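Asks: Data: model-v9.txt, compact mmCIF, C-alpha atoms and all ligand atoms.
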# COMPACT_ATOMS: atom_id res chain seq x y z
CA MET Z 1 -27.82 15.47 6.60
CA GLN Z 2 -29.40 12.02 6.76
CA ASP Z 3 -27.38 8.98 7.72
CA ASP Z 4 -26.82 6.10 5.32
CA ALA Z 5 -29.44 3.85 6.90
CA ALA Z 6 -32.16 6.48 6.42
CA LEU Z 7 -31.15 7.02 2.79
CA VAL Z 8 -31.13 3.27 2.10
CA GLU Z 9 -34.56 3.01 3.70
CA ARG Z 10 -35.93 5.81 1.51
CA CYS Z 11 -34.32 4.23 -1.51
CA LEU Z 12 -35.99 0.88 -0.83
CA ARG Z 13 -39.32 2.68 -0.64
CA GLY Z 14 -38.73 3.86 -4.20
CA ASP Z 15 -37.23 7.31 -3.62
CA THR Z 16 -34.55 7.46 -6.32
CA GLY Z 17 -33.30 10.84 -5.11
CA ALA Z 18 -32.07 9.06 -2.00
CA PHE Z 19 -29.85 6.83 -4.12
CA ASP Z 20 -28.41 9.87 -5.89
CA ALA Z 21 -27.53 11.26 -2.46
CA LEU Z 22 -25.70 8.03 -1.59
CA VAL Z 23 -23.82 8.16 -4.89
CA GLU Z 24 -22.83 11.76 -4.20
CA ARG Z 25 -21.65 10.84 -0.72
CA TYR Z 26 -19.51 7.89 -1.76
CA ARG Z 27 -18.33 8.56 -5.29
CA ASP Z 28 -14.87 9.88 -4.31
CA ARG Z 29 -14.31 7.02 -1.91
CA VAL Z 30 -15.43 4.37 -4.41
CA PHE Z 31 -13.41 5.97 -7.19
CA SER Z 32 -10.25 6.22 -5.07
CA LEU Z 33 -10.43 2.57 -4.09
CA ALA Z 34 -11.13 1.46 -7.68
CA PHE Z 35 -8.32 3.65 -8.96
CA ARG Z 36 -5.83 2.23 -6.49
CA ILE Z 37 -6.81 -1.33 -7.31
CA LEU Z 38 -6.91 -0.88 -11.08
CA GLY Z 39 -4.26 1.81 -11.48
CA GLU Z 40 -5.98 3.66 -14.30
CA ALA Z 41 -8.57 6.43 -14.27
CA SER Z 42 -11.00 5.49 -17.04
CA THR Z 43 -11.13 1.82 -16.00
CA ALA Z 44 -11.67 2.96 -12.42
CA GLU Z 45 -14.48 5.23 -13.54
CA ASP Z 46 -16.19 2.35 -15.36
CA ALA Z 47 -15.78 0.20 -12.27
CA MET Z 48 -17.32 2.96 -10.16
CA GLN Z 49 -20.38 3.17 -12.43
CA GLU Z 50 -20.72 -0.60 -12.43
CA ALA Z 51 -20.41 -0.71 -8.64
CA PHE Z 52 -23.19 1.84 -8.15
CA LEU Z 53 -25.45 0.06 -10.63
CA ARG Z 54 -24.90 -3.19 -8.79
CA ALA Z 55 -25.45 -1.54 -5.44
CA TYR Z 56 -28.78 -0.22 -6.72
CA THR Z 57 -30.04 -3.56 -8.04
CA ARG Z 58 -28.76 -5.45 -5.01
CA LEU Z 59 -29.96 -3.00 -2.40
CA PRO Z 60 -32.83 -5.32 -1.36
CA LEU Z 61 -30.18 -7.90 -0.41
CA TYR Z 62 -28.18 -5.44 1.72
CA ASP Z 63 -28.13 -6.39 5.39
CA PRO Z 64 -28.48 -3.23 7.52
CA ALA Z 65 -26.46 -4.94 10.28
CA GLN Z 66 -23.39 -4.23 8.13
CA SER Z 67 -22.32 -0.65 7.49
CA PHE Z 68 -23.40 0.60 4.07
CA ALA Z 69 -19.90 1.93 3.38
CA THR Z 70 -18.33 -1.47 4.04
CA TRP Z 71 -20.91 -3.23 1.86
CA LEU Z 72 -20.37 -0.77 -0.98
CA LEU Z 73 -16.56 -0.91 -0.80
CA CYS Z 74 -16.58 -4.72 -0.76
CA LEU Z 75 -18.87 -4.72 -3.76
CA THR Z 76 -16.58 -2.23 -5.52
CA THR Z 77 -13.59 -4.47 -4.87
CA ARG Z 78 -15.36 -7.46 -6.40
CA VAL Z 79 -16.26 -5.41 -9.48
CA CYS Z 80 -12.60 -4.38 -9.78
CA LEU Z 81 -11.32 -7.93 -9.44
CA ASN Z 82 -13.73 -9.04 -12.15
CA THR Z 83 -12.34 -6.41 -14.47
CA ARG Z 84 -10.14 -8.84 -16.28
CA ARG Z 85 -6.96 -7.52 -17.74
CA ASP Z 86 -3.85 -9.21 -18.91
CA ARG Z 87 -0.62 -8.65 -17.07
CA ALA Z 88 1.01 -6.77 -19.97
CA THR Z 89 -1.75 -4.17 -20.03
CA GLU Z 90 -1.48 -3.87 -16.28
CA MET Z 91 2.26 -3.24 -16.44
CA ARG Z 92 1.68 -0.56 -19.07
CA TYR Z 93 -0.68 1.22 -16.68
CA LEU Z 94 1.94 1.10 -13.99
CA GLU Z 95 4.13 3.95 -15.18
CA GLN Z 96 1.20 6.04 -16.41
CA ALA Z 97 -0.57 5.65 -13.11
CA ALA Z 98 2.45 6.73 -11.12
CA LYS Z 99 2.54 9.98 -13.06
CA ALA Z 100 -1.19 10.57 -12.87
CA ILE Z 101 -1.65 10.26 -9.12
CA PRO Z 102 -1.42 13.68 -7.51
CA PRO Z 103 0.96 13.78 -4.55
CA ALA Z 104 -1.55 15.87 -2.55
CA PRO Z 105 0.96 17.43 -0.18
CA THR Z 106 0.04 19.04 3.11
CA PRO Z 107 2.05 22.12 4.19
CA GLU Z 108 3.69 20.49 7.18
CA GLU Z 109 4.58 17.38 5.23
CA ARG Z 110 8.27 16.70 4.95
CA LEU Z 111 9.76 16.20 1.52
CA TYR Z 112 10.82 12.66 2.33
CA GLU Z 113 7.31 11.64 3.33
CA ARG Z 114 5.86 13.07 0.15
CA GLU Z 115 8.43 11.20 -1.90
CA GLN Z 116 7.74 8.03 0.07
CA ARG Z 117 4.00 8.32 -0.52
CA ARG Z 118 4.43 8.84 -4.23
CA THR Z 119 6.73 5.83 -4.46
CA LEU Z 120 4.35 3.74 -2.36
CA GLN Z 121 1.47 4.50 -4.72
CA ARG Z 122 3.52 3.22 -7.60
CA LEU Z 123 4.87 0.16 -5.79
CA LEU Z 124 1.36 -0.88 -4.77
CA LEU Z 125 0.64 -1.60 -8.41
CA ARG Z 126 3.43 -4.15 -8.48
CA LEU Z 127 1.59 -6.43 -6.09
CA PRO Z 128 -0.71 -9.17 -7.42
CA THR Z 129 -4.23 -7.75 -7.72
CA SER Z 130 -5.91 -9.67 -4.91
CA GLN Z 131 -3.01 -8.98 -2.55
CA ARG Z 132 -3.28 -5.30 -3.44
CA ALA Z 133 -7.05 -5.36 -2.87
CA ALA Z 134 -6.55 -6.95 0.55
CA ILE Z 135 -3.92 -4.37 1.51
CA LEU Z 136 -6.13 -1.49 0.39
CA LEU Z 137 -9.27 -2.73 2.14
CA TYR Z 138 -7.42 -3.42 5.38
CA TYR Z 139 -5.04 -0.46 5.65
CA TYR Z 140 -6.53 2.21 3.40
CA GLU Z 141 -10.23 1.57 4.10
CA GLU Z 142 -9.56 0.14 7.56
CA LEU Z 143 -11.96 -2.80 7.23
CA PRO Z 144 -11.57 -5.72 9.65
CA VAL Z 145 -9.94 -8.91 8.35
CA ALA Z 146 -13.27 -10.77 8.42
CA GLU Z 147 -14.86 -8.23 6.07
CA VAL Z 148 -11.85 -8.27 3.75
CA ALA Z 149 -12.06 -12.07 3.62
CA ARG Z 150 -15.77 -11.90 2.82
CA ALA Z 151 -15.20 -9.32 0.09
CA LEU Z 152 -12.47 -11.35 -1.58
CA GLY Z 153 -14.14 -14.72 -1.04
CA VAL Z 154 -11.13 -16.28 0.71
CA PRO Z 155 -10.49 -17.55 4.26
CA GLU Z 156 -9.29 -15.08 6.88
CA GLY Z 157 -5.97 -16.90 7.08
CA THR Z 158 -5.36 -16.20 3.40
CA VAL Z 159 -6.07 -12.51 3.92
CA LYS Z 160 -3.61 -12.42 6.82
CA THR Z 161 -0.94 -14.08 4.67
CA TRP Z 162 -1.58 -11.62 1.81
CA LEU Z 163 -1.33 -8.69 4.20
CA TYR Z 164 1.93 -10.01 5.59
CA ARG Z 165 3.48 -10.72 2.17
CA GLY Z 166 2.18 -7.51 0.65
CA ARG Z 167 3.47 -5.31 3.41
CA GLU Z 168 6.84 -7.07 3.48
CA HIS Z 169 7.17 -6.59 -0.29
CA LEU Z 170 6.31 -2.94 0.02
CA ARG Z 171 8.82 -2.50 2.85
CA ARG Z 172 11.58 -4.14 0.84
CA TRP Z 173 10.81 -2.26 -2.38
CA LEU Z 174 10.61 1.06 -0.53
CA GLU Z 175 13.97 0.36 1.06
CA GLU Z 176 15.48 -0.46 -2.34
CA GLU Z 177 14.11 2.71 -3.92
CA LEU Z 178 14.49 5.21 -1.12
CA GLY Z 179 17.39 3.67 0.77
CA MET B 1 19.98 -15.89 14.71
CA ARG B 2 19.20 -15.49 11.03
CA THR B 3 16.93 -18.54 10.82
CA THR B 4 15.12 -17.47 13.97
CA CYS B 5 14.33 -14.11 12.38
CA LYS B 6 13.08 -15.74 9.19
CA THR B 7 10.81 -18.22 10.96
CA LEU B 8 9.60 -15.54 13.31
CA GLU B 9 8.70 -13.12 10.55
CA PRO B 10 5.02 -14.11 10.02
CA LEU B 11 4.58 -14.09 13.79
CA LEU B 12 6.19 -10.66 13.95
CA HIS B 13 3.62 -9.43 11.44
CA ASP B 14 0.76 -10.82 13.56
CA TYR B 15 2.38 -9.16 16.56
CA ALA B 16 2.48 -5.83 14.73
CA GLU B 17 -1.24 -6.14 13.95
CA GLY B 18 -2.13 -7.16 17.50
CA TRP B 19 -3.45 -10.56 16.43
CA LEU B 20 -1.36 -12.66 18.83
CA GLU B 21 -2.36 -14.47 22.00
CA GLU B 22 -0.38 -13.90 25.19
CA ALA B 23 2.10 -16.76 24.58
CA GLY B 24 2.94 -15.66 21.04
CA ARG B 25 3.29 -12.05 22.16
CA ALA B 26 5.74 -13.01 24.88
CA ARG B 27 7.79 -15.06 22.41
CA VAL B 28 8.07 -12.17 19.96
CA GLN B 29 8.87 -9.69 22.72
CA ARG B 30 11.66 -11.94 24.03
CA HIS B 31 13.16 -12.06 20.54
CA LEU B 32 12.78 -8.31 20.00
CA LEU B 33 14.74 -7.59 23.18
CA ARG B 34 17.89 -8.99 21.63
CA CYS B 35 17.34 -8.44 17.88
CA ALA B 36 17.82 -4.99 16.43
CA THR B 37 17.06 -6.25 12.89
CA CYS B 38 13.53 -7.32 13.83
CA GLN B 39 13.02 -4.11 15.77
CA GLU B 40 13.89 -2.17 12.63
CA LYS B 41 11.59 -4.33 10.52
CA LEU B 42 8.73 -3.76 12.93
CA LYS B 43 9.30 -0.03 12.74
CA ALA B 44 9.43 -0.11 8.93
CA TRP B 45 6.22 -2.15 8.74
CA SER B 46 4.28 0.27 10.88
CA ALA B 47 5.61 3.11 8.72
CA VAL B 48 4.26 1.30 5.62
CA GLY B 49 0.93 0.71 7.36
CA ARG B 50 0.71 4.37 8.35
CA ALA B 51 1.63 5.56 4.85
CA LEU B 52 -1.07 3.29 3.36
CA ARG B 53 -3.68 4.65 5.77
CA GLU B 54 -2.71 8.19 4.86
CA LEU B 55 -2.91 7.81 1.09
CA PRO B 56 -4.96 10.76 -0.17
CA ARG B 57 -8.51 10.31 -1.38
CA LEU B 58 -8.87 11.14 -5.07
CA PRO B 59 -11.77 13.17 -6.45
CA ALA B 60 -13.96 11.13 -8.81
CA PRO B 61 -14.36 12.63 -12.29
CA ALA B 62 -17.42 14.87 -12.23
CA CYS B 63 -19.04 13.50 -15.37
CA PRO B 64 -18.43 10.51 -17.61
CA HIS B 65 -14.93 10.84 -19.04
CA GLY B 66 -14.54 14.47 -18.05
CA ALA B 67 -17.38 15.79 -20.23
CA PRO B 68 -18.96 19.04 -19.04
CA PRO B 69 -22.32 18.80 -17.22
CA ASN B 70 -25.05 18.27 -19.77
CA GLU B 71 -28.74 18.97 -19.22
CA SER B 72 -29.81 16.18 -21.55
CA GLU B 73 -27.67 13.69 -19.63
CA PRO B 74 -30.24 11.41 -17.98
CA ARG B 75 -30.02 11.03 -14.24
CA LEU B 76 -28.71 7.77 -12.85
CA ALA B 77 -32.23 6.79 -11.73
CA LEU B 78 -33.60 7.20 -15.23
CA ARG B 79 -30.77 5.16 -16.69
CA LEU B 80 -31.41 2.46 -14.13
CA ALA B 81 -35.12 2.46 -14.96
CA LEU B 82 -34.26 2.06 -18.64
CA ALA B 83 -31.82 -0.70 -17.80
CA MET B 84 -34.55 -2.58 -15.93
CA CYS B 85 -36.96 -2.49 -18.89
CA LEU B 86 -35.16 -5.04 -21.02
CA PRO B 87 -35.02 -7.93 -18.52
CA VAL B 88 -38.67 -7.33 -17.65
CA ALA B 89 -39.57 -7.44 -21.33
CA LEU B 90 -37.51 -10.62 -21.72
CA LEU B 91 -39.29 -12.29 -18.85
CA ILE B 92 -42.70 -11.28 -20.12
CA THR B 93 -41.80 -12.65 -23.55
CA ALA B 94 -40.45 -15.88 -22.12
CA TYR B 95 -43.45 -16.61 -19.93
CA GLY B 96 -45.96 -15.06 -22.31
CA ASN B 97 -44.99 -17.50 -25.05
CA HIS B 98 -45.82 -20.48 -22.92
CA TRP B 99 -49.01 -18.94 -21.56
CA GLN B 100 -48.35 -20.39 -18.15
CA LEU B 101 -46.81 -19.29 -14.92
CA PRO B 102 -43.67 -20.99 -13.69
CA ASN B 103 -43.86 -23.53 -10.91
CA TRP B 104 -43.46 -21.19 -7.96
CA GLU B 105 -42.71 -24.05 -5.57
CA GLN B 106 -39.39 -24.66 -7.27
CA PHE B 107 -38.85 -21.14 -8.54
CA THR B 108 -36.35 -18.96 -6.69
CA PRO B 109 -36.76 -15.74 -8.60
CA TYR B 110 -34.20 -13.50 -7.04
CA GLU B 111 -30.73 -14.71 -8.00
CA PRO B 112 -31.41 -15.58 -11.67
CA LEU B 113 -33.43 -12.41 -12.08
CA LEU B 114 -30.58 -10.37 -10.69
CA GLN B 115 -28.02 -12.04 -12.91
CA LEU B 116 -30.21 -11.44 -15.93
CA THR B 117 -30.75 -7.85 -14.88
CA GLU B 118 -27.06 -7.22 -14.44
CA ARG B 119 -26.21 -8.74 -17.77
CA ALA B 120 -28.96 -6.78 -19.48
CA GLN B 121 -27.79 -3.50 -17.98
CA GLY B 122 -24.57 -3.87 -19.90
CA TRP B 123 -26.43 -4.16 -23.21
CA VAL B 124 -28.79 -1.33 -22.44
CA LEU B 125 -25.94 0.98 -21.45
CA THR B 126 -24.08 0.09 -24.64
CA ILE B 127 -27.18 0.74 -26.76
CA TRP B 128 -27.78 3.89 -24.81
CA SER B 129 -24.30 5.31 -25.40
CA TRP B 130 -24.57 4.34 -29.06
CA LEU B 131 -27.93 6.15 -29.29
CA ARG B 132 -26.41 9.22 -27.64
CA GLY B 133 -23.63 9.11 -30.19
CA VAL B 134 -26.13 8.95 -33.06
CA LEU B 135 -28.46 11.63 -31.71
ZN ZN H 201 15.25 -11.02 14.59
Translate the structure of the given file into structure tokens.
Ligand SMILES: [Zn+2]
Replies:
Amino acid sequence: MQDDAALVERCLRGDTGAFDALVERYRDRVFSLAFRILGEASTAEDAMQEAFLRAYTRLPLYDPAQSFATWLLCLTTRVCLNTRRDRATEMRYLEQAAKAIPPAPTPEERLYEREQRRTLQRLLLRLPTSQRAAILLYYYEELPVAEVARALGVPEGTVKTWLYRGREHLRRWLEEELG
Amino acid sequence: MRTTCKTLEPLLHDYAEGWLEEAGRARVQRHLLRCATCQEKLKAWSAVGRALRELPRLPAPACPHGAPPNESEPRLALRLALAMCLPVALLITAYGNHWQLPNWEQFTPYEPLLQLTERAQGWVLTIWSWLRGVL
């Protein structure tokens, strides 16, 4: 299996099969992130398609010093944040989304943890979108603060504040719901 | 004690993430030694962080909107090629009408071209899905 850099290289030389390979490699990851930011499957799927299209057209601008995964996930986040939706629609997705997300249990997982995870997935959607995006990029995708700041177009200090507020909200809400 | 905890909270978060310098770390540690509430909060925060990191990855839908695989479905590359045609045609029309090349000294082709391309992709994809519907 070729690494990302080799595939990008082939792609820039006009080998479209290489881009298909990149799509295949990252589609679940891009979809998961989009789904967790947007909270709804068909919107997330549209965002995923848009993100890959953009990645393809912008590939000549990609700086190989950055990891391809990071670049793609940042791009995906920006696509998601540009998906404009009013707050009422977003709240409507909230309950649907909570039901739609599979709990994906592992055998050794304790019941409490599974319950906590399911609740967490739902509570995430209560956060303001950019705060949620910051939380997901930092904790879920494990990107450094500097990359998160670049992706969201805000100073690093703002990202740190969002992470702090977001996590504190989640802690408090989890405590309220699970005791 | 209460106000100390409240003012210390952002610092406690930075401490939990390992973002603090030596002095700040010492200050938080001194407080933690005699504050069970903040110890609990720290523990709860790392539990939230861990739970977020462990959220399961979701499988992307295999085909657009769950449709079964379809042989006539064009590959992504083909769709992209089609999507590129319109902006190229637009540019040719625009410059062709004036029968002159733009002033390359002041012309930065990339950004506007990209924006145009991205906008045009939207139209082409819409037309494309409409065409698929009709055919
Ligand atoms: Zn305290």
Asks: All residues within 6 Å of ligand ZN 201 (chain H) are required, counting only C-alpha atoms and all ligand atoms; please report them as a list in words.
Replies: Cys5, Cys35, Thr37 and Cys38 of chain B
Asks: Using all atoms listed in the file for the distances, tell me which of Z:Arg114, Z:Thr43, Z:Pro60, Z:Thr161 is nearest to Z:Asn82.
Replies: Z:Thr43
Asks: Select, as a PyMOL selection string, those residues of chain Z with any atom no more than 7 Å from chain B (distances computed using only C-alpha atoms).
Replies: chain Z and resi 16+27-29+31-32+42+104+117+139-140+164+167+171
Asks: Any chance you could export the current selection's C-alpha atoms as a compact mmCIF listing (two decimals), keeping the file's coordinate frame?
Replies:
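Heads up, here's the output in part15.txt:
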# COMPACT_ATOMS: atom_id res chain seq x y z
CA THR Z 16 -34.55 7.46 -6.32
CA ARG Z 27 -18.33 8.56 -5.29
CA ASP Z 28 -14.87 9.88 -4.31
CA ARG Z 29 -14.31 7.02 -1.91
CA PHE Z 31 -13.41 5.97 -7.19
CA SER Z 32 -10.25 6.22 -5.07
CA SER Z 42 -11.00 5.49 -17.04
CA ALA Z 104 -1.55 15.87 -2.55
CA ARG Z 117 4.00 8.32 -0.52
CA TYR Z 139 -5.04 -0.46 5.65
CA TYR Z 140 -6.53 2.21 3.40
CA TYR Z 164 1.93 -10.01 5.59
CA ARG Z 167 3.47 -5.31 3.41
CA ARG Z 171 8.82 -2.50 2.85
Asks: Mind giving me the straight-line distance from atom CA of B:Arg30 to atom CA of Z:Leu163 in Å, one decimal?
Replies: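 Going from atom CA of B:Arg30 over to atom CA of Z:Leu163, I get 23.9 Å.
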Asks: Ranking B:Thr4, B:Leu116, B:Leu125, B:Ala23 by minimum distance to Z:Thr57 and counting all atoms listed in the file, which one comes first?
Replies: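 For Z:Thr57, the nearest of the given residues is B:Leu116.
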Asks: Determine the nearest neighbour of Z:Leu178 from the options Z:Arg78, Z:Leu127, Z:Thr158, Z:Leu120, counting only C-alpha atoms.
Replies: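 Smallest separation from Z:Leu178 among the options: Z:Leu120.
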Asks: Could you tell me how far atom CA of Z:Val23 sits from atom CA of Z:Arg132, in Å to one decimal place?
Replies: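 Interatomic distance, atom CA of Z:Arg132 to atom CA of Z:Val23: 24.6 Å.
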Asks: Quote the spacing between atom CA of Z:Ala151 and atom CA of Z:Phe35 in Å to one decimal place.
Replies: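 Computing the Euclidean distance for atom CA of Z:Ala151 and atom CA of Z:Phe35 yields 17.2 Å.
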Asks: Tell me which protein, DNA and RNA residues are within 12 Å of Z:Asp4, counting all atoms listed in the file, leaving out same-chain ones fewer than 2 positions away, and put them as a PyMOL selection string.
Replies: chain Z and resi 1-2+6-11+18-26+64+66-72
Asks: For each of Z:Gly153, Z:Leu38, Z:Glu142, Z:Arg58, take the minimum atom-to-atom distance to Z:Pro128, counting all atoms listed in the file, then give the residue where this is smallest.
Replies: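 Among the listed residues, Z:Leu38 lies closest to Z:Pro128.
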